[in-house]
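> Before I ask anything, here is the structure I am working with.
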Amino acid sequence: MSKEFEYEKRRLAYTRGYMEMVIKAAEQNQGDFQENMKQAMVDLDHLDSSLSYINILTNSKFIEMASTELEALRKLKNKPYFARINFKSEGQSSEEIFYIGKTSLYERDTQEPIIVDWRSPVANIYYDGRLGKVEYESNEGSIEGYLSLKRQYKIEEGKLIDYQDVDLTTTDELLQESLSGKADTRLTEIVSTIQAEQNNVIRADLNRPIIVQGAAGSGKTTIALHRLSYFIYHHAARFKPEQLLIIAPNNMFIGYIAEVLPELGVDKIRQTTYIDYMKLCVSKKLKVVKPEQKLIHILNQDIENEKMVKWLSRFKGSLKYKTLLDRYLKDIRDELSPTEDFVLERYRLTSGKKLRKLFLKDYHYLPYYKRLDKIKEIMKTDVRRKKKQIIDSLEKRFEAALDQALYHIKDEQKRKERVVYVLDSKEERLSTIQNESKSAVKKYMNKLPKETLLDYYKKLIFNEAKFEIYAKELLNKEQVEFFLSYNQKILQKNQVEIEDLAGLFYMQHKIFGIEKDLKAKNIVIDEAQDYSNFQLYALKVGLETDMFTIVGDLAQGIHSYRGLRNWETLRKVIFPRANFMTLQKSYRTTIDIMEVANDVLGLMNENLPKVEPVVRRGNKPLVYLYDSRNELQERIQDTLKTIENDGYQSIAIIGKTDKECKELYKLLHKRIERPIQLLQENEAIKKGCLVIVPSYLSKGLEFDAVLIVSLGEIYRSEEIDIKLLYVAMTRPMHQLYLFAREKEDVLMHEVDRTKWTCLSEDV
């Protein structure tokens with residue numbers, strides 16, 4: 001054993017020992033804090049002390065911090081760091097050694113770093129720098145120096161197994177080991193294997209939005225989460241995790257990424273799906289047609305007037321639809337704008353002209369109903385302030401009238417009648433003023449229209465004459481008729497489609513506003529290719545921020561009939577401040593699998609970028625052509641045994657649709673020994689289960705091995721089918737199998753025969 005290895009063993013032992021000491025100290029501190037809180041509660045029993053309240057709040061915060069730090073150290077104790085760099089900055093006489101891990105740890109007395117957080121500025125040179133002259137940006141500016149060592153460690157259960165010195169020009173053995181590992185452990189280990197192009201995305205300007213075109217297997221999802229972690233690390237004083245938001249494609253995906261979030265210290269970030277978030281912002285009672293329903297109908301070719309249905313989905317996702325809604329919203333604004341004078345009894349308190357100016361100009365930055373709330377408060381103030389003036393003025397007039405009657409009318413009878421009349425009139429008018437002052441504001445506001453959001457939306461769809469005006473120059477007659485008839489049918493069932501949600505959210509923002517508690521300051525959008533330009537625009541204006549991290553892959557745009565087909569409008573119009581970056585290297589799939597997947601993607605006419613797999617070879621994809629269902633059952637059983645014998649446990653069977661997956665479950669659940677999970681959209685993947693999942697729900701997931709099975713539904717040479725097959729083929733890390741009656745059913749007749757192996761003699 002070399003001296004260097006012995007040194008590294010001692011350094012690891014020292015680090016773990018120090019962590020143990022800190023953990024014990026933190027546990028002791030927790031006890032102290034809790035004791036302080038108990039005492040503060042005792043104090044409150046005797047006197048209402050604001051100091052005691054402060055003690056409670058302060059110490060509860062300390063406990064929270066101590067618990068967080070304690071949990072982090074406990075988790076990392078057996079693997080405190082994964083890398084080391086030796087760096088000598090210019091002007092320094094000696095080099096510094098930094099050990100890089102998932103959190104920071106400092107000597108209490110000297111404040112010298114024992115472990116440096118991977119998000120710290122100096123750690124950037126581990127991810128980006130070659131050996132030799134390097135520089136990095138710190139709070140003090142640019143730091144230049146010399147990087148003499150980059151070392152990676154293999155540590156298991158607190159023991160140093162091995163280490164490897166690397167440069168960008170050498171093979172990154174830690175990365176290779178990670179890629180050759182199991183799918184169920186890879187997510188949490190990505191910090192130690194971040195590559196230069198991924199690091200560029202994570203550390204790109206945090207004050208600007210970012211759009212990332214990331215190939216299948218490029219790590220775009222976890223890189224987006226790491227960027228959030230990096231953001232929190234650098235802006236912890238300004239932003240709380242609760243102010244950040246992850247919008248995931250489905251609840252299953254949220255469950256899938258759940259294990260990586262605590263590792264990154266971002267587990268307090270809000271996570272939701274697009275539909276759930278829209279319902280929170282617009283109406284919890286809103287009924288949304290299942291978003292996959294239209295896709296399934298398109299795949300089954302059983303949708304009526306498919307061409308127009310696709311057109312309508314695209315139109316609702318375009319900024320042209322925003323133009324149409326803006327015309328309608330202008331009418332709503334004008335209807336809500338006050339025009340009448342605000343009068344108390346016979347006195348004008350505020351002119352209609354002034355109220356209209358307040359609504360249209362002074363409060364133009366507010367949603368319409370919030371403007372009315374402001375005006376309402378002004379009216380209330382006017383009533384309180386001017387009522388006394390009005391009463392004083394009236395009393396003076398009636399006193400003058402009474403004096404006139406008493407001293408200037410000679411006829412006694414007439415004088416008496418006049419005095420009674422003046423006193424009665426005074427009482428009546430003062431009473432009227434008192435009564436009207438209580439309800440004048442409410443009475444005025446009640447004259448203005450008041451509708452729910454869904455009422456406004458229905459008015460748009462069911463008022464055909466008005467709709468034609470709003471759609472002028474945007475839609476032709478046939479399109480107007482189809483738009484209205486299609487949406488009227490859905491609304492009559494009190495339902496809306498996912499494509500309607502952006503419009504409803506945009507209208508909510510303009511008319512009523514989005515609740516403050518529902519807003520976020522920094523948002524991550526995953527699978528962005530399935531969103532439309534208008535969806536993303538509406539989110540931006542409704543949340544009043546452009547600080548978005550948007551990641552997606554156009555090649556996986558299976559909802560392209562309603563989603564993005566390119567990044568141009570997003571980059572140039574909606575997020576003009578955004579950095580645009582690409583991740584085209586795949587760290588998931590072997591070269592052998594990726595070559596076949598790239599050939600399948602190449603069947604499309606679109607100029608989509610090809611994925612660059614990292615240098616990791618494996619077995620060629622295996623294609624089995626079967627004759628009967630019995631033969632298919634047997635072959636799947638044999639294949640599963642082979643996969644398990646190779647040491648892989650994370651396995652998925654991917655069918656084209658949910659219908660096909662249900663048939664596969666019936667076919668296999670009594671023949672397969674291990675438990676099978678027929679994965680539903682809102683489910684998390686259960687450990688130890690063989691997963692059966694439809695192709696369109698497999699996006700974003702990864703497995704050790706995948707079996708793509710064409711039981712009765714084939715993949716045609718059409719855009720959606722090609723993208724679905726591509727998605728399915730890019731899920732496995734190590735092994736890919738395809739089962740079909742004919743090679744054409746899985747498009748293998750279009751792929752170079754030397755790139756795949758056929759397990760049937762009838763080729």
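Here's how to read the names in the structure tokens: chain A, B, ... by the order shown, residue numbers from 1 in each chain, ligand numbers from 1 in the order shown.
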If you run DSSP on the backbone here, which positions in range 342-501 of chain A get strand (DSSP E)? Please write them as JSON, numbers by chain.
{"A": [342, 343, 344, 347, 348, 349, 350]}
> Among range 405-451 of chain A, which ones does DSSP assign to helix (DSSP H, G or I) (computed from the backbone)? Answer as a ChimeraX atom specification.
/A:405-408,412-446
> Excluding same-chain residues fewer than 2 positions from Leu448 in chain A, what lies within 8 Å of it counting only C-alpha atoms, as a PyMOL selection string?
chain A and resi 335-336+338+444-446+450
> Using N, CA and C atoms, can you export the residues from the last selection as a JSON list (two decimals), in the first residue's frame?

```
[["chain", "number", "residue", "atom", "x", "y", "z"],
["A", 335, "GLU", "N", -66.50, 47.01, -19.80],
["A", 335, "GLU", "CA", -67.77, 46.76, -19.10],
["A", 335, "GLU", "C", -67.63, 47.02, -17.60],
["A", 336, "LEU", "N", -66.47, 46.70, -17.06],
["A", 336, "LEU", "CA", -66.25, 46.87, -15.62],
["A", 336, "LEU", "C", -65.85, 48.30, -15.25],
["A", 338, "PRO", "N", -66.05, 51.97, -14.33],
["A", 338, "PRO", "CA", -67.13, 52.84, -13.85],
["A", 338, "PRO", "C", -67.30, 54.06, -14.77],
["A", 444, "TYR", "N", -73.48, 51.18, -5.53],
["A", 444, "TYR", "CA", -72.80, 51.60, -6.76],
["A", 444, "TYR", "C", -72.06, 50.41, -7.39],
["A", 445, "MET", "N", -71.33, 49.67, -6.56],
["A", 445, "MET", "CA", -70.54, 48.56, -7.08],
["A", 445, "MET", "C", -71.42, 47.44, -7.62],
["A", 446, "ASN", "N", -72.61, 47.28, -7.04],
["A", 446, "ASN", "CA", -73.52, 46.23, -7.50],
["A", 446, "ASN", "C", -74.05, 46.48, -8.91],
["A", 450, "LYS", "N", -70.67, 41.32, -12.50],
["A", 450, "LYS", "CA", -69.90, 40.44, -11.62],
["A", 450, "LYS", "C", -70.10, 39.00, -12.07]]
```
> List the spatial neighbours of Phe398 in chain A as JSON, numbers by chain - criterion: any atom at most 9 Å away, only C-alpha atoms, same-chain residues fewer than 4 positions off excluded.
{"A": [393, 394, 402, 403, 422, 423, 425, 426]}
> What's the separation between CA of Arg674 in chain A and CA of Cys689 in chain A, in Å to one decimal place?
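Distance reported for this atom pair: 6.7 Å.
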> Please list as a PyMOL selection string every residue within 8 Å of range 85-91 of chain A, counting only C-alpha atoms and excluding residues in the same chain fewer than 5 positions away.
chain A and resi 96-100+126+143-151
> Of the candidates A:Ser120, A:Ser650, A:Gln735, A:Gln152, which one gets nearest to Ser138 in chain A if we count only C-alpha atoms?
A:Ser120
> So the first atom is CA of Arg616 in chain A and the second is CA of Ile591 in chain A; what is the distance between them in Å, to one decimal place?
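It comes out at 6.1 Å.
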